[in-house]
file input-v3.cif (mmCIF, C-alpha atoms)
data_work
#
loop_
_atom_site.group_PDB
_atom_site.id
_atom_site.type_symbol
_atom_site.label_atom_id
_atom_site.label_comp_id
_atom_site.auth_asym_id
_atom_site.auth_seq_id
_atom_site.Cartn_x
_atom_site.Cartn_y
_atom_site.Cartn_z
ATOM 1 C CA MET A 1 0.000 0.000 0.000
ATOM 2 C CA ASP A 2 1.210 3.509 -0.765
ATOM 3 C CA ILE A 3 0.346 6.683 1.108
ATOM 4 C CA GLU A 4 0.957 10.332 0.351
ATOM 5 C CA ILE A 5 1.888 12.904 2.974
ATOM 6 C CA PHE A 6 0.845 16.321 1.709
ATOM 7 C CA PRO A 7 2.067 19.178 3.977
ATOM 8 C CA TYR A 8 0.144 22.458 3.786
ATOM 9 C CA ARG A 9 3.486 24.218 3.203
ATOM 10 C CA VAL A 10 6.665 23.232 1.407
ATOM 11 C CA LEU A 11 9.141 21.807 3.926
ATOM 12 C CA GLY A 12 12.559 23.293 4.605
ATOM 13 C CA SER A 13 15.733 21.223 4.543
ATOM 14 C CA ASP A 14 15.973 20.863 8.327
ATOM 15 C CA THR A 15 12.360 19.720 8.661
ATOM 16 C CA THR A 16 12.746 17.345 5.725
ATOM 17 C CA GLU A 17 15.829 15.776 7.289
ATOM 18 C CA LYS A 18 14.195 15.228 10.689
ATOM 19 C CA LEU A 19 10.943 13.953 9.185
ATOM 20 C CA LEU A 20 12.623 11.517 6.786
ATOM 21 C CA ASN A 21 14.855 10.121 9.533
ATOM 22 C CA ASP A 22 11.853 9.408 11.743
ATOM 23 C CA LEU A 23 9.824 7.940 8.866
ATOM 24 C CA GLU A 24 12.717 5.741 7.741
ATOM 25 C CA SER A 25 13.077 4.434 11.307
ATOM 26 C CA LEU A 26 9.711 2.668 10.962
ATOM 27 C CA ASP A 27 10.205 -1.012 10.125
ATOM 28 C CA ASP A 28 7.197 -1.138 7.796
ATOM 29 C CA VAL A 29 8.377 1.647 5.464
ATOM 30 C CA LYS A 30 9.711 -0.082 2.345
ATOM 31 C CA ARG A 31 10.369 2.892 0.073
ATOM 32 C CA THR A 32 10.236 6.674 0.441
ATOM 33 C CA VAL A 33 10.041 9.178 -2.394
ATOM 34 C CA ILE A 34 10.050 12.958 -1.962
ATOM 35 C CA HIS A 35 8.509 15.150 -4.619
ATOM 36 C CA GLY A 36 8.557 18.872 -5.204
ATOM 37 C CA PRO A 37 9.973 21.684 -7.295
ATOM 38 C CA ARG A 38 13.717 21.765 -7.906
ATOM 39 C CA PHE A 39 15.711 24.398 -6.067
ATOM 40 C CA PRO A 40 16.425 27.459 -8.243
ATOM 41 C CA LYS A 41 19.705 27.469 -10.158
ATOM 42 C CA GLY A 42 20.706 30.832 -8.675
ATOM 43 C CA GLU A 43 20.502 29.551 -5.111
ATOM 44 C CA ALA A 44 24.295 29.218 -4.902
ATOM 45 C CA THR A 45 24.564 33.014 -4.925
ATOM 46 C CA LEU A 46 22.372 33.402 -1.837
ATOM 47 C CA PRO A 47 23.880 33.872 1.631
ATOM 48 C CA PRO A 48 24.406 30.466 3.332
ATOM 49 C CA LYS A 49 21.568 30.939 5.847
ATOM 50 C CA TYR A 50 19.039 31.123 2.980
ATOM 51 C CA ARG A 51 20.289 28.123 1.002
ATOM 52 C CA GLU A 52 18.087 25.049 1.178
ATOM 53 C CA ARG A 53 19.986 22.796 -1.266
ATOM 54 C CA ARG A 54 22.384 20.994 0.997
ATOM 55 C CA VAL A 55 23.527 17.583 2.153
ATOM 56 C CA ILE A 56 21.162 15.958 4.639
ATOM 57 C CA THR A 57 21.813 12.730 6.525
ATOM 58 C CA ILE A 58 19.181 9.977 6.355
ATOM 59 C CA ASN A 59 19.848 6.713 8.222
ATOM 60 C CA GLY A 60 23.527 7.646 8.420
ATOM 61 C CA GLU A 61 23.886 8.245 4.667
ATOM 62 C CA ASP A 62 24.494 11.623 3.090
ATOM 63 C CA VAL A 63 21.915 12.728 0.519
ATOM 64 C CA VAL A 64 22.013 15.921 -1.529
ATOM 65 C CA LEU A 65 18.560 17.460 -1.204
ATOM 66 C CA GLN A 66 17.720 18.755 -4.681
ATOM 67 C CA VAL A 67 14.006 19.541 -4.363
ATOM 68 C CA LYS A 68 11.773 21.436 -1.987
ATOM 69 C CA THR A 69 9.726 18.791 -0.224
ATOM 70 C CA ALA A 70 6.111 19.291 -1.244
ATOM 71 C CA ARG A 71 4.942 15.661 -1.006
ATOM 72 C CA ILE A 72 6.270 12.468 0.491
ATOM 73 C CA PHE A 73 5.225 9.068 -0.819
ATOM 74 C CA LEU A 74 5.669 6.008 1.390
ATOM 75 C CA GLU A 75 5.343 2.357 0.469
ATOM 76 C CA ILE A 76 4.097 0.399 3.474
ATOM 77 C CA THR A 77 2.521 -3.025 4.010
ATOM 78 C CA MET A 78 0.305 -2.595 7.081
ATOM 79 C CA GLU A 79 -2.504 -0.098 7.531
ATOM 80 C CA SER A 80 -1.624 0.273 11.225
ATOM 81 C CA THR A 81 1.599 2.047 10.188
ATOM 82 C CA ILE A 82 -0.465 5.055 9.108
ATOM 83 C CA LYS A 83 -1.124 5.935 12.774
ATOM 84 C CA GLU A 84 2.637 5.926 13.474
ATOM 85 C CA VAL A 85 3.261 8.066 10.378
ATOM 86 C CA GLU A 86 0.579 10.495 11.532
ATOM 87 C CA LYS A 87 2.239 10.888 14.967
ATOM 88 C CA ILE A 88 5.603 11.589 13.344
ATOM 89 C CA CYS A 89 4.046 14.142 10.988
ATOM 90 C CA GLU A 90 2.244 15.899 13.857
ATOM 91 C CA GLU A 91 5.608 16.285 15.597
ATOM 92 C CA HIS A 92 7.435 17.747 12.588
ATOM 93 C CA ILE A 93 4.705 19.518 10.580
ATOM 94 C CA PRO A 94 2.870 21.800 13.041
ATOM 95 C CA TYR A 95 1.096 23.861 10.359
ATOM 96 C CA GLY A 96 -0.887 20.890 9.058
ATOM 97 C CA PHE A 97 -0.816 18.082 6.542
ATOM 98 C CA ASP A 98 -3.018 15.488 4.885
ATOM 99 C CA ILE A 99 -2.327 11.781 4.620
ATOM 100 C CA ASN A 100 -3.919 10.395 1.479
ATOM 101 C CA GLN A 101 -4.408 6.773 0.616
ATOM 102 C CA ASP A 102 -6.957 7.209 -2.159
ATOM 103 C CA ARG A 103 -4.872 5.628 -4.880
ATOM 104 C CA ALA A 104 -3.692 2.050 -4.879
ATOM 105 C CA HIS A 105 -0.208 3.063 -6.030
ATOM 106 C CA TYR A 106 1.538 6.406 -5.771
ATOM 107 C CA ILE A 107 4.891 4.745 -6.462
ATOM 108 C CA ARG A 108 5.261 2.687 -9.637
ATOM 109 C CA LYS A 109 5.802 -1.044 -9.133
ATOM 110 C CA GLU A 110 6.262 -2.143 -12.758
ATOM 111 C CA GLN A 111 8.769 -1.018 -15.350
ATOM 112 C CA THR A 112 7.610 1.988 -17.337
ATOM 113 C CA VAL A 113 8.470 3.058 -20.869
ATOM 114 C CA THR A 114 10.874 5.600 -19.349
ATOM 115 C CA ASP A 115 12.594 2.818 -17.377
ATOM 116 C CA ARG A 116 13.050 0.842 -20.605
ATOM 117 C CA ILE A 117 14.438 3.893 -22.427
ATOM 118 C CA LYS A 118 16.942 4.531 -19.637
ATOM 119 C CA TYR A 119 17.964 0.942 -18.732
ATOM 120 C CA GLY A 120 16.855 -1.183 -21.708
ATOM 121 C CA ASN A 121 14.820 -4.381 -21.338
ATOM 122 C CA LYS A 122 17.060 -5.829 -18.627
ATOM 123 C CA GLU A 123 15.765 -6.576 -15.145
ATOM 124 C CA ILE A 124 16.315 -3.753 -12.674
ATOM 125 C CA PRO A 125 16.052 -3.926 -8.866
ATOM 126 C CA ASP A 126 12.597 -3.242 -7.406
ATOM 127 C CA GLU A 127 13.751 -0.073 -5.660
ATOM 128 C CA LEU A 128 14.684 1.463 -9.038
ATOM 129 C CA VAL A 129 11.384 0.781 -10.800
ATOM 130 C CA GLY A 130 9.635 4.041 -11.640
ATOM 131 C CA MET A 131 12.601 6.180 -10.596
ATOM 132 C CA ALA A 132 13.993 6.828 -14.088
ATOM 133 C CA ASP A 133 14.234 10.259 -15.661
ATOM 134 C CA GLN A 134 15.487 9.960 -19.223
ATOM 135 C CA TYR A 135 16.946 13.477 -19.113
ATOM 136 C CA SER A 136 19.140 13.142 -16.040
ATOM 137 C CA LYS A 137 21.973 10.991 -14.841
ATOM 138 C CA PHE A 138 20.987 8.327 -12.339
ATOM 139 C CA ASP A 139 23.205 9.703 -9.555
ATOM 140 C CA ASP A 140 21.634 13.157 -9.933
ATOM 141 C CA HIS A 141 18.145 12.200 -8.808
ATOM 142 C CA VAL A 142 18.040 8.857 -6.973
ATOM 143 C CA LYS A 143 19.671 7.899 -3.695
ATOM 144 C CA ILE A 144 19.071 4.401 -2.356
ATOM 145 C CA ILE A 145 19.353 4.184 1.407
ATOM 146 C CA LYS A 146 19.578 0.642 2.723
ATOM 147 C CA LYS A 147 17.938 -0.192 6.015
ATOM 148 C CA ASP A 148 19.880 -2.148 8.604
ATOM 149 C CA ASP A 149 18.686 -5.751 8.580
#
call {"tool": "encode", "arguments": {"input": "input-v3.cif", "output": "structure tokens"}}
result
Amino acid sequence: MDIEIFPYRVLGSDTTEKLLNDLESLDDVKRTVIHGPRFPKGEATLPPKYRERRVITINGEDVVLQVKTARIFLEITMESTIKEVEKICEEHIPYGFDINQDRAHYIRKEQTVTDRIKYGNKEIPDELVGMADQYSKFDDHVKIIKKDD
């Protein structure tokens, strides 16, 4: 089952980092995808305190945050996990959010045409399905964070 967390405001880098760390700590979360507009190209000229594009640490791994977090998609297996997700969101998103589970799949589970263009007809790992962008390099937009087993 997939759920969508839709904050009423776009999240800053610090909030995104804290929220993702807490969400990734849940055993039932299989995959997390953040979605939002890319940071502006001219952001590098801003004073450091106003820059949002930076390296954040999720589960001990460094990730370059390249988008403003407007939505978070989670792949989970148990409906009871939604209550835990809601508690975490209430802690980190005080101005409000919605948790949607209207669609069966927010995250693609089968290879798409774009996946085939990027990788060919070969088998790709499940965590890469639906993550392809034919216009970018793989390392530019996907970071796989392995959970401790």
call {"tool": "atom_distance", "arguments": {"input": "input-v3.cif", "atom1": "CA of Val33 in chain A", "atom2": "CA of Asn21 in chain A"}}
result
12.9 Å
call {"tool": "resolve_selection", "arguments": {"input": "input-v3.cif", "expression": "the PyMOL selection byres ((chain A and resi 59-69) around 8)", "output": "PyMOL selection string"}}
result
chain A and resi 10-13+16+21+24-25+34-39+52-58+70-72+141+143+145+147
call {"tool": "resolve_selection", "arguments": {"input": "input-v3.cif", "expression": "the PyMOL selection byres ((chain A and resi 97) around 6)", "output": "list in words"}}
result
Phe6, Pro7, Tyr8, Gly96 and Asp98 of chain A
call {"tool": "closest_residue", "arguments": {"input": "input-v3.cif", "among": "A:Thr15, A:Asp2, A:Arg9, A:Ile76", "to": "Ile88 in chain A", "atoms": "all atoms listed in the file"}}
result
A:Thr15
call {"tool": "residues_around", "arguments": {"input": "input-v3.cif", "residues": "Glu91 in chain A", "least_positions_apart": "5", "cutoff": "12 Å", "atoms": "only C-alpha atoms", "output": "ChimeraX atom specification"}}
result
/A:15,18-19,22-23,84-86,96-97
call {"tool": "closest_residue", "arguments": {"input": "input-v3.cif", "among": "A:Glu4, A:Gly42, A:His92, A:Glu75", "to": "Leu20 in chain A", "atoms": "only C-alpha atoms"}}
result
A:His92
call {"tool": "closest_residue", "arguments": {"input": "input-v3.cif", "among": "A:Lys122, A:Asn100, A:Met1, A:Tyr95", "to": "Glu79 in chain A", "atoms": "all atoms listed in the file"}}
result
A:Met1
call {"tool": "atom_distance", "arguments": {"input": "input-v3.cif", "atom1": "CA of Pro94 in chain A", "atom2": "CA of Lys41 in chain A"}}
result
29.2 Å
call {"tool": "atom_distance", "arguments": {"input": "input-v3.cif", "atom1": "CA of Ile99 in chain A", "atom2": "CA of Ile3 in chain A"}}
result
6.7 Å
call {"tool": "axis_aligned_box", "arguments": {"input": "input-v3.cif", "around": "range 18-35 of chain A", "padding_each_side": "5 Å", "output": "AutoDock Vina command-line options"}}
result
--center_x 11.0 --center_y 7.0 --center_z 3.6 --size_x 17.7 --size_y 26.4 --size_z 26.4
